[in-house]
file structure_14.txt (compact mmCIF, C-alpha atoms)
# COMPACT_ATOMS: atom_id res chain seq x y z
CA MET A 12 0.00 0.00 0.00
CA LYS A 13 1.11 3.56 -0.73
CA THR A 14 0.05 6.72 1.03
CA TYR A 15 -1.66 9.49 -0.90
CA GLU A 16 -2.73 13.03 -0.04
CA VAL A 17 -6.13 14.22 -1.22
CA PHE A 18 -7.08 17.79 -2.15
CA LEU A 19 -10.58 19.01 -2.86
CA LYS A 20 -11.78 22.14 -4.56
CA LYS A 21 -15.25 23.43 -3.83
CA ALA A 22 -17.33 25.24 -6.42
CA GLY A 23 -16.47 28.81 -7.37
CA LYS A 24 -13.18 30.57 -6.69
CA GLU A 25 -12.19 28.52 -3.64
CA PRO A 26 -8.64 27.20 -3.86
CA PHE A 27 -7.84 23.49 -3.47
CA GLY A 28 -7.62 22.52 0.17
CA HIS A 29 -6.13 19.50 1.85
CA ALA A 30 -8.91 16.99 2.59
CA GLY A 31 -6.87 14.23 4.17
CA SER A 32 -4.83 11.20 3.27
CA LEU A 33 -5.44 7.58 2.40
CA ASP A 34 -3.70 4.28 1.67
CA ALA A 35 -4.21 2.49 -1.63
CA PRO A 36 -2.44 -0.25 -3.59
CA ASP A 37 -1.89 2.00 -6.63
CA ASP A 38 -2.85 5.27 -8.34
CA HIS A 39 -6.06 3.95 -9.88
CA MET A 40 -7.42 2.63 -6.59
CA ALA A 41 -6.25 5.79 -4.85
CA LEU A 42 -8.57 7.83 -7.08
CA LEU A 43 -11.48 5.49 -6.38
CA PHE A 44 -10.91 5.52 -2.63
CA ALA A 45 -10.44 9.30 -2.65
CA ARG A 46 -13.91 9.71 -4.05
CA ASP A 47 -15.42 7.33 -1.49
CA SER A 48 -13.45 8.66 1.47
CA TYR A 49 -13.62 12.39 0.80
CA GLY A 50 -16.09 13.10 -2.00
CA ARG A 51 -19.02 10.72 -1.65
CA ARG A 52 -21.30 13.51 -0.37
CA SER A 53 -20.30 15.86 -3.20
CA GLU A 54 -17.98 17.82 -0.89
CA GLY A 55 -16.08 19.21 -3.85
CA GLU A 56 -16.25 19.60 -7.58
CA GLN A 57 -12.62 18.79 -8.33
CA ILE A 58 -10.24 16.37 -6.67
CA TRP A 59 -6.46 15.98 -6.73
CA VAL A 60 -4.72 12.90 -5.42
CA VAL A 61 -0.96 13.10 -4.93
CA SER A 62 1.32 10.26 -3.97
CA ARG A 63 3.12 11.28 -0.80
CA ASP A 64 6.39 10.22 -2.49
CA HIS A 65 5.96 13.18 -4.82
CA ILE A 66 5.71 15.75 -2.08
CA LEU A 67 8.87 17.71 -1.36
CA GLU A 68 9.19 18.38 2.31
CA GLY A 69 11.09 21.50 3.35
CA ASN A 70 13.42 21.70 6.31
CA GLN A 71 11.33 22.52 9.36
CA SER A 72 14.08 24.47 11.07
CA ASP A 73 14.27 26.82 8.08
CA LEU A 74 10.80 28.03 8.97
CA ALA A 75 11.50 28.55 12.64
CA LEU A 76 13.93 31.51 12.62
CA ALA A 77 13.99 33.65 15.76
CA ASP A 78 12.17 37.00 15.66
CA ARG A 79 10.40 37.70 12.37
CA SER A 80 8.00 40.34 13.67
CA HIS A 81 9.42 42.94 11.27
CA LYS A 82 8.02 40.84 8.43
CA HIS A 83 4.51 41.25 9.75
CA ASN A 84 2.53 44.26 8.69
CA ASP A 85 -1.08 44.50 9.73
CA GLY A 86 -1.28 48.11 8.49
CA GLN A 87 -2.14 49.41 11.94
CA ARG A 88 0.56 52.08 12.16
CA VAL A 89 -0.20 53.49 8.73
CA SER A 90 -3.90 53.45 9.51
CA GLU A 91 -3.36 55.36 12.81
CA LEU A 92 -1.16 57.95 11.10
CA ARG A 93 -3.78 58.59 8.43
CA THR A 94 -6.64 58.83 10.93
CA ASN A 95 -4.69 61.40 12.95
CA GLN A 96 -3.90 63.41 9.85
CA ARG A 97 -7.55 63.43 8.81
CA LEU A 98 -8.68 64.49 12.27
CA LYS A 99 -6.16 67.31 12.32
CA LYS A 100 -7.38 68.50 8.92
CA GLU A 101 -11.01 68.40 9.98
CA LEU A 102 -10.24 70.40 13.08
CA GLY A 103 -8.55 72.95 10.81
CA GLU A 104 -5.26 72.79 12.57
CA MET B 23 -48.75 4.55 -19.91
CA HIS B 24 -47.87 1.30 -18.16
CA THR B 25 -49.91 -0.91 -15.87
CA LEU B 26 -48.29 -2.64 -12.96
CA ASP B 27 -49.29 -6.18 -13.88
CA ASP B 28 -48.52 -9.14 -11.63
CA ALA B 29 -45.41 -10.15 -13.54
CA ALA B 30 -44.00 -6.61 -13.23
CA ILE B 31 -44.74 -6.51 -9.50
CA GLU B 32 -43.12 -9.92 -8.95
CA TYR B 33 -40.06 -8.92 -10.94
CA LEU B 34 -39.55 -5.48 -9.38
CA LEU B 35 -40.23 -6.79 -5.89
CA GLY B 36 -37.59 -9.45 -6.47
CA PHE B 37 -35.09 -6.84 -7.62
CA ALA B 38 -35.92 -4.56 -4.68
CA ASP B 39 -35.55 -7.45 -2.22
CA ASP B 40 -32.19 -8.37 -3.77
CA GLU B 41 -31.03 -4.78 -3.24
CA LEU B 42 -32.36 -4.71 0.32
CA CYS B 43 -30.63 -7.96 1.28
CA VAL B 44 -27.33 -7.10 -0.40
CA GLY B 45 -27.36 -3.59 1.11
CA GLN B 46 -28.01 -5.01 4.56
CA ASN B 47 -25.38 -7.71 4.07
CA HIS B 48 -22.75 -5.22 2.87
CA SER B 49 -23.41 -3.04 5.89
CA TRP B 50 -22.29 -5.88 8.14
CA TRP B 51 -18.75 -4.79 7.20
CA ILE B 52 -19.10 -1.28 8.59
CA ALA B 53 -16.12 -0.67 10.90
CA VAL B 54 -14.71 -4.17 10.33
CA GLY B 55 -13.67 -3.87 6.67
CA PRO B 56 -10.19 -5.10 5.76
CA PHE B 57 -8.83 -1.53 5.80
CA LEU B 58 -10.29 1.89 6.48
CA GLU B 59 -10.58 3.03 2.86
CA GLU B 60 -12.33 -0.18 1.84
CA ASP B 61 -14.57 0.09 4.87
CA LEU B 62 -15.79 3.51 3.72
CA ALA B 63 -16.15 2.50 0.09
CA PHE B 64 -18.07 -0.67 0.90
CA SER B 65 -20.37 1.08 3.38
CA SER B 66 -21.11 3.74 0.81
CA ILE B 67 -22.05 1.05 -1.70
CA ALA B 68 -24.28 -0.59 0.93
CA GLN B 69 -26.13 2.73 1.32
CA ASP B 70 -26.57 3.05 -2.43
CA GLU B 71 -28.07 -0.45 -2.69
CA LEU B 72 -30.53 0.33 0.09
CA GLY B 73 -31.40 3.52 -1.76
CA HIS B 74 -32.12 1.49 -4.90
CA ALA B 75 -34.37 -0.83 -2.91
CA ARG B 76 -36.28 2.17 -1.60
CA MET B 77 -36.78 3.64 -5.09
CA LEU B 78 -38.14 0.32 -6.34
CA TYR B 79 -40.48 -0.22 -3.37
CA GLU B 80 -41.80 3.32 -3.80
CA PHE B 81 -42.36 2.75 -7.48
CA LEU B 82 -44.54 -0.27 -6.74
CA GLU B 83 -47.03 1.99 -4.93
CA LEU B 84 -48.14 -0.83 -2.69
CA GLU B 85 -50.64 -0.17 0.06
CA GLU B 86 -48.22 -0.46 2.97
CA SER B 87 -45.45 1.99 3.78
CA VAL B 88 -41.98 1.35 2.37
CA ASP B 89 -40.70 0.39 5.83
CA GLN B 90 -43.54 -2.06 6.25
CA ILE B 91 -42.79 -3.67 2.89
CA ALA B 92 -39.06 -3.76 3.46
CA TYR B 93 -39.08 -5.04 7.02
CA GLY B 94 -42.55 -6.20 7.96
CA ARG B 95 -43.45 -8.91 5.49
CA ASP B 96 -43.72 -12.57 6.22
CA PRO B 97 -40.51 -14.32 5.05
CA ARG B 98 -42.50 -16.18 2.37
CA GLU B 99 -43.51 -12.84 0.85
CA TYR B 100 -39.94 -11.83 0.12
CA ARG B 101 -38.68 -12.57 -3.38
CA SER B 102 -34.91 -12.17 -2.93
CA ALA B 103 -32.46 -14.46 -4.72
CA HIS B 104 -30.50 -16.66 -2.33
CA ILE B 105 -27.16 -15.19 -3.37
CA ALA B 106 -28.39 -11.83 -2.06
CA GLU B 107 -29.36 -13.34 1.29
CA LEU B 108 -26.00 -15.05 1.84
CA ARG B 109 -24.26 -13.88 5.01
CA CYS B 110 -20.77 -13.42 3.63
CA HIS B 111 -18.88 -13.00 6.86
CA GLN B 112 -15.57 -13.88 5.24
CA TRP B 113 -14.16 -10.96 3.32
CA PRO B 114 -13.21 -12.93 0.15
CA GLU B 115 -16.80 -14.13 -0.12
CA ALA B 116 -18.24 -10.66 0.46
CA LEU B 117 -16.00 -9.24 -2.25
CA VAL B 118 -16.85 -12.01 -4.72
CA ARG B 119 -20.58 -11.54 -4.17
CA HIS B 120 -20.08 -7.80 -4.67
CA VAL B 121 -18.36 -8.45 -8.03
CA LEU B 122 -20.98 -10.94 -9.24
CA TYR B 123 -23.92 -8.95 -7.96
CA ASP B 124 -22.83 -5.62 -9.43
CA LEU B 125 -21.99 -7.20 -12.79
CA ALA B 126 -25.55 -8.52 -12.75
CA GLU B 127 -27.01 -5.19 -11.66
CA GLU B 128 -25.37 -3.44 -14.58
CA VAL B 129 -27.21 -5.73 -17.02
CA ARG B 130 -30.49 -5.65 -15.08
CA TRP B 131 -30.68 -1.86 -14.73
CA ARG B 132 -29.78 -1.39 -18.37
CA ALA B 133 -32.73 -3.53 -19.47
CA LEU B 134 -35.02 -1.39 -17.29
CA SER B 135 -33.50 1.89 -18.47
CA LYS B 136 -34.10 0.96 -22.11
CA GLY B 137 -37.62 -0.28 -21.52
CA SER B 138 -40.64 1.87 -22.28
CA TRP B 139 -41.78 2.53 -18.68
CA LYS B 140 -40.64 6.10 -18.12
CA GLY B 141 -40.81 6.11 -14.33
CA ILE B 142 -38.73 3.00 -13.91
CA ALA B 143 -36.34 4.02 -16.70
CA ALA B 144 -35.57 7.22 -14.78
CA ILE B 145 -34.87 5.21 -11.62
CA ALA B 146 -32.65 2.86 -13.62
CA THR B 147 -30.70 5.71 -15.17
CA ARG B 148 -29.96 7.10 -11.75
CA ALA B 149 -28.95 3.69 -10.44
CA ILE B 150 -26.64 3.13 -13.41
CA ALA B 151 -24.79 6.35 -12.60
CA GLU B 152 -24.00 4.92 -9.15
CA GLU B 153 -23.40 1.42 -10.41
CA ARG B 154 -20.53 2.65 -12.56
CA PHE B 155 -18.58 3.37 -9.37
CA HIS B 156 -19.62 0.12 -7.69
CA LEU B 157 -18.39 -1.90 -10.62
CA GLN B 158 -15.14 0.02 -10.93
CA HIS B 159 -14.55 -0.57 -7.26
CA ALA B 160 -15.44 -4.27 -7.32
CA LEU B 161 -13.46 -5.15 -10.45
CA SER B 162 -10.40 -3.04 -9.62
CA LEU B 163 -10.03 -4.52 -6.16
CA ALA B 164 -10.71 -8.10 -7.26
CA GLU B 165 -8.31 -7.76 -10.20
CA ARG B 166 -5.50 -6.62 -7.95
CA LEU B 167 -6.05 -9.38 -5.44
CA LEU B 168 -6.36 -12.02 -8.15
CA ALA B 169 -3.02 -10.93 -9.56
CA THR B 170 -1.39 -12.63 -6.57
CA ALA B 171 -1.25 -16.37 -5.83
CA GLU B 172 -2.64 -15.78 -2.34
CA GLY B 173 -5.54 -13.77 -3.77
CA ARG B 174 -6.39 -16.49 -6.30
CA LYS B 175 -6.28 -19.11 -3.58
CA ARG B 176 -8.72 -17.15 -1.46
CA LEU B 177 -11.07 -15.70 -4.09
CA LEU B 178 -11.42 -18.27 -6.86
CA PRO B 179 -13.17 -20.96 -4.77
CA SER B 180 -15.79 -18.36 -3.83
CA PHE B 181 -16.27 -17.43 -7.48
CA GLN B 182 -16.80 -21.08 -8.33
CA ARG B 183 -19.31 -21.54 -5.55
CA LEU B 184 -21.26 -18.28 -5.88
CA ALA B 185 -21.29 -17.60 -9.63
CA PRO B 186 -23.72 -20.46 -10.44
CA MET B 187 -26.04 -19.16 -7.70
CA GLY B 188 -26.02 -15.74 -9.35
CA GLN B 189 -28.16 -17.09 -12.19
CA GLU B 190 -31.16 -16.82 -9.90
CA LEU B 191 -30.90 -13.04 -10.14
CA PHE B 192 -32.31 -13.39 -13.65
CA ARG B 193 -35.34 -15.38 -12.63
CA VAL B 194 -38.92 -14.41 -11.90
CA ASN B 195 -41.73 -16.50 -10.53
CA LEU B 196 -44.27 -15.58 -13.21
CA ASP B 197 -44.32 -15.46 -16.98
CA GLU B 198 -41.16 -13.66 -17.94
CA LEU B 199 -42.23 -13.02 -21.53
CA GLN B 200 -44.84 -10.65 -20.19
CA LEU B 201 -42.02 -8.43 -18.85
CA VAL B 202 -40.76 -7.78 -22.37
CA GLU B 203 -44.22 -7.59 -23.95
CA SER B 204 -45.35 -4.93 -21.49
CA GLY B 205 -42.20 -2.94 -22.26
CA LEU B 206 -40.82 -3.09 -18.72
CA LEU B 207 -37.65 -4.85 -19.88
CA SER B 208 -35.90 -4.12 -23.17
CA SER B 209 -34.47 -7.63 -23.31
CA PRO B 210 -35.65 -11.00 -21.96
CA LEU B 211 -34.18 -12.32 -18.72
CA ILE B 212 -32.56 -15.23 -20.53
CA ASP B 213 -30.59 -12.82 -22.73
CA GLN B 214 -29.68 -10.74 -19.71
CA LYS B 215 -28.46 -13.84 -17.93
CA ASN B 216 -26.35 -14.83 -20.91
CA SER B 217 -24.67 -11.44 -21.16
CA TRP B 218 -23.97 -11.54 -17.42
CA ILE B 219 -22.44 -15.03 -17.76
CA LYS B 220 -20.33 -13.76 -20.64
CA ASN B 221 -19.11 -10.80 -18.57
CA VAL B 222 -18.29 -13.01 -15.59
CA GLU B 223 -16.42 -15.46 -17.80
CA THR B 224 -14.49 -12.72 -19.59
CA PHE B 225 -13.33 -11.44 -16.23
CA LEU B 226 -12.44 -14.87 -14.82
CA ASP B 227 -10.71 -16.04 -18.02
CA LEU B 228 -7.87 -13.71 -17.10
CA PHE B 229 -7.25 -15.92 -14.08
CA ASN B 230 -7.91 -19.33 -15.68
CA CYS B 231 -11.00 -19.92 -13.61
CA GLU B 232 -13.86 -21.96 -15.00
CA ILE B 233 -17.37 -22.01 -13.65
CA ASN B 234 -19.69 -25.00 -13.66
CA TRP B 235 -22.94 -23.19 -14.43
CA GLU B 236 -25.00 -26.38 -14.20
CA GLN B 237 -24.43 -26.48 -10.46
CA PHE B 238 -27.39 -24.30 -9.60
CA GLN B 239 -30.45 -23.81 -11.76
CA ASP B 240 -33.30 -23.27 -9.36
CA ALA B 241 -35.09 -20.13 -8.33
CA PRO B 242 -36.32 -20.99 -4.84
CA GLY B 243 -35.99 -17.41 -3.61
CA ARG B 244 -38.30 -16.03 -6.29
CA GLU B 245 -40.86 -18.66 -5.33
CA GLY B 246 -40.98 -17.50 -1.75
CA MET B 247 -38.57 -19.96 -0.20
CA ARG B 248 -36.01 -18.29 2.03
CA SER B 249 -32.48 -19.57 2.46
CA SER B 250 -31.22 -20.56 5.88
CA ASP B 251 -29.27 -17.28 6.06
CA PHE B 252 -32.36 -15.10 5.72
CA GLU B 253 -33.54 -15.44 9.30
CA SER B 254 -30.46 -13.89 10.87
CA LEU B 255 -30.26 -11.28 8.10
CA HIS B 256 -33.86 -10.24 8.67
CA ALA B 257 -33.40 -10.19 12.45
CA GLU B 258 -30.52 -7.77 11.91
CA MET B 259 -32.65 -5.58 9.63
CA ILE B 260 -35.41 -5.18 12.16
CA GLU B 261 -33.24 -5.03 15.26
CA VAL B 262 -33.97 -1.37 15.94
CA LEU B 263 -37.57 -1.48 14.72
CA SER B 264 -38.38 -4.33 17.07
CA LEU B 265 -37.01 -2.34 20.01
CA ASP B 266 -38.93 0.76 19.02
CA PRO B 267 -41.54 0.46 16.26
CA ASN B 268 -41.80 4.25 16.05
CA ALA B 269 -38.07 4.89 15.76
CA LYS B 270 -37.23 7.82 13.51
CA TRP B 271 -33.95 7.90 11.60
call {"tool": "encode", "arguments": {"input": "structure_14.txt", "output": "structure tokens"}}
result
Amino acid sequence: MKTYEVFLKKAGKEPFGHAGSLDAPDDHMALLFARDSYGRRSEGEQIWVVSRDHILEGNQSDLALADRSHKHNDGQRVSELRTNQRLKKELGE
Amino acid sequence: MHTLDDAAIEYLLGFADDELCVGQNHSWWIAVGPFLEEDLAFSSIAQDELGHARMLYEFLELEESVDQIAYGRDPREYRSAHIAELRCHQWPEALVRHVLYDLAEEVRWRALSKGSWKGIAAIATRAIAEERFHLQHALSLAERLLATAEGRKRLLPSFQRLAPMGQELFRVNLDELQLVESGLLSSPLIDQKNSWIKNVETFLDLFNCEINWEQFQDAPGREGMRSSDFESLHAEMIEVLSLDPNAKW
């Protein structure tokens, strides 16, 4: 048996999402089981089945660098600055 | 417009009872299938077969409710073929019955879908859409197992024992010519049986397996005689209903 990962795409502009995994003797049976395991209630309109052997796994420690807060930008500081500027203008200062 | 004559009722009731028994029998494997994926696939097929039984019982427009017809009849009033009643509690047997039964269903539904009764043809067309997956599943899995010596050792004896029994699926207790004359079936049961036998043989030829079709020729199930397996199967069907007759699902 080989392990496969299953991805489903719902109708519309939704991207493919991971549905789960399964074991099957080969690619053909993997597709059949994917439908029965993850799509039998019409959960999606498209299905991808990928053999786990074909997935490249990155190095986990590469993702866990120390402080990456400077990479985050929720726009809060810019938004505060603009609000203050607008208020000042409205007050005619 | 069609009239539900006695032959049609006998035939459709037999088909519905086959579906009911096979659906119930398949569901025995819920949670104990050979592996999780097969468990889900087989359970899903069981549900489909029960759904087909329901559509056929509803079509018959009998006086009692569908539940009453499905679960409440006297055993002699059932018309199921004995191969459908078989309690296949060994996985190789369950899989072999699934292969034989779904190969037969494909032929049987097609004859209904091409007949001139619109209501039943619509039901058949819907069933065929589901049957495509059942058959793919049954044949793909059996093929892979039969490719190994161990698989052949475990599956082929079941094919040899069950395939002759499968002929009963193409029997009816009343005049079968009437079924074609009234337009219910597009081809006679004998022709359907022969194409099923051909399909079974084509599949088994790949594995050098020969069937002795003479072994079983009767149709006791269609005549109202239940097999020894029916009692426990029926008890399982009505287990909840007998605890609470008003149970809602």
call {"tool": "closest_atom_pairs", "arguments": {"input": "structure_14.txt", "of": "chain B", "to": "chain A", "cutoff": "7 Å", "atoms": "only C-alpha atoms", "output": "JSON lines"}}
result
{"residue": "B:Glu59", "atom": "CA", "partner": "A:Phe44", "partner_atom": "CA", "distance": 6.0}
{"residue": "B:Leu62", "atom": "CA", "partner": "A:Ser48", "partner_atom": "CA", "distance": 6.1}
{"residue": "B:Ala63", "atom": "CA", "partner": "A:Asp47", "partner_atom": "CA", "distance": 5.1}
{"residue": "B:His159", "atom": "CA", "partner": "A:Leu43", "partner_atom": "CA", "distance": 6.9}
call {"tool": "residues_near_point", "arguments": {"input": "structure_14.txt", "point": "(-12.2, 19.8, -8.3)", "cutoff": "6 Å", "atoms": "all atoms listed in the file", "output": "count of residues only"}}
result
6
call {"tool": "residues_near_point", "arguments": {"input": "structure_14.txt", "point": "(-7.3, 18.8, -3.6)", "cutoff": "7 Å", "atoms": "all atoms listed in the file", "output": "list of chain:residue names"}}
result
A:Val17, A:Phe18, A:Leu19, A:Lys20, A:Phe27, A:Gly28, A:His29, A:Ala30, A:Ile58, A:Trp59, A:Val60
call {"tool": "residues_around", "arguments": {"input": "structure_14.txt", "residues": "Phe225 in chain B", "least_positions_apart": "6", "cutoff": "12 Å", "atoms": "only C-alpha atoms", "output": "VMD selection string"}}
result
chain B and resid 121 to 122 125 160 to 162 164 to 165 168 178 181 218 to 219 231 to 233
call {"tool": "closest_residue", "arguments": {"input": "structure_14.txt", "among": "B:Glu80, B:Glu261, B:Glu71, B:Asp89", "to": "His120 in chain B", "atoms": "only C-alpha atoms"}}
result
B:Glu71
call {"tool": "atom_distance", "arguments": {"input": "structure_14.txt", "atom1": "CA of Leu228 in chain B", "atom2": "CA of Tyr123 in chain B"}}
result
19.1 Å
call {"tool": "residues_around", "arguments": {"input": "structure_14.txt", "residues": "range 211-214 of chain B", "least_positions_apart": "3", "cutoff": "8 Å", "atoms": "only C-alpha atoms", "output": "number ranges by chain"}}
result
B: 129-130, 133, 192-193, 198, 217-218
call {"tool": "residues_around", "arguments": {"input": "structure_14.txt", "residues": "Ser249 in chain B", "least_positions_apart": "6", "cutoff": "9 Å", "atoms": "only C-alpha atoms", "output": "ChimeraX atom specification"}}
result
/B:103-104,107-108,242-243
call {"tool": "atom_distance", "arguments": {"input": "structure_14.txt", "atom1": "CA of Glu258 in chain B", "atom2": "CA of Ala106 in chain B"}}
result
14.7 Å
call {"tool": "atom_distance", "arguments": {"input": "structure_14.txt", "atom1": "CA of Ser209 in chain B", "atom2": "CA of Met247 in chain B"}}
result
26.5 Å
call {"tool": "decode", "arguments": {"input": "structure_14.txt", "residues": "range 23-49 of chain A", "atoms": "C-alpha atoms", "output": "PDB file, in the first residue's frame"}}
result
ATOM      1  CA  GLY A  23     -16.471  28.812  -7.365  1.00  0.00           C
ATOM      2  CA  LYS A  24     -13.181  30.571  -6.693  1.00  0.00           C
ATOM      3  CA  GLU A  25     -12.192  28.517  -3.640  1.00  0.00           C
ATOM      4  CA  PRO A  26      -8.644  27.203  -3.861  1.00  0.00           C
ATOM      5  CA  PHE A  27      -7.840  23.494  -3.474  1.00  0.00           C
ATOM      6  CA  GLY A  28      -7.620  22.523   0.169  1.00  0.00           C
ATOM      7  CA  HIS A  29      -6.126  19.498   1.852  1.00  0.00           C
ATOM      8  CA  ALA A  30      -8.910  16.993   2.590  1.00  0.00           C
ATOM      9  CA  GLY A  31      -6.866  14.228   4.173  1.00  0.00           C
ATOM     10  CA  SER A  32      -4.828  11.203   3.271  1.00  0.00           C
ATOM     11  CA  LEU A  33      -5.439   7.576   2.399  1.00  0.00           C
ATOM     12  CA  ASP A  34      -3.698   4.284   1.668  1.00  0.00           C
ATOM     13  CA  ALA A  35      -4.206   2.491  -1.634  1.00  0.00           C
ATOM     14  CA  PRO A  36      -2.440  -0.253  -3.590  1.00  0.00           C
ATOM     15  CA  ASP A  37      -1.889   2.001  -6.626  1.00  0.00           C
ATOM     16  CA  ASP A  38      -2.849   5.270  -8.340  1.00  0.00           C
ATOM     17  CA  HIS A  39      -6.061   3.948  -9.883  1.00  0.00           C
ATOM     18  CA  MET A  40      -7.423   2.625  -6.591  1.00  0.00           C
ATOM     19  CA  ALA A  41      -6.246   5.793  -4.854  1.00  0.00           C
ATOM     20  CA  LEU A  42      -8.573   7.828  -7.083  1.00  0.00           C
ATOM     21  CA  LEU A  43     -11.476   5.486  -6.378  1.00  0.00           C
ATOM     22  CA  PHE A  44     -10.905   5.521  -2.630  1.00  0.00           C
ATOM     23  CA  ALA A  45     -10.438   9.302  -2.651  1.00  0.00           C
ATOM     24  CA  ARG A  46     -13.913   9.707  -4.047  1.00  0.00           C
ATOM     25  CA  ASP A  47     -15.425   7.325  -1.495  1.00  0.00           C
ATOM     26  CA  SER A  48     -13.455   8.658   1.467  1.00  0.00           C
ATOM     27  CA  TYR A  49     -13.620  12.393   0.802  1.00  0.00           C
TER      28      TYR A  49
END
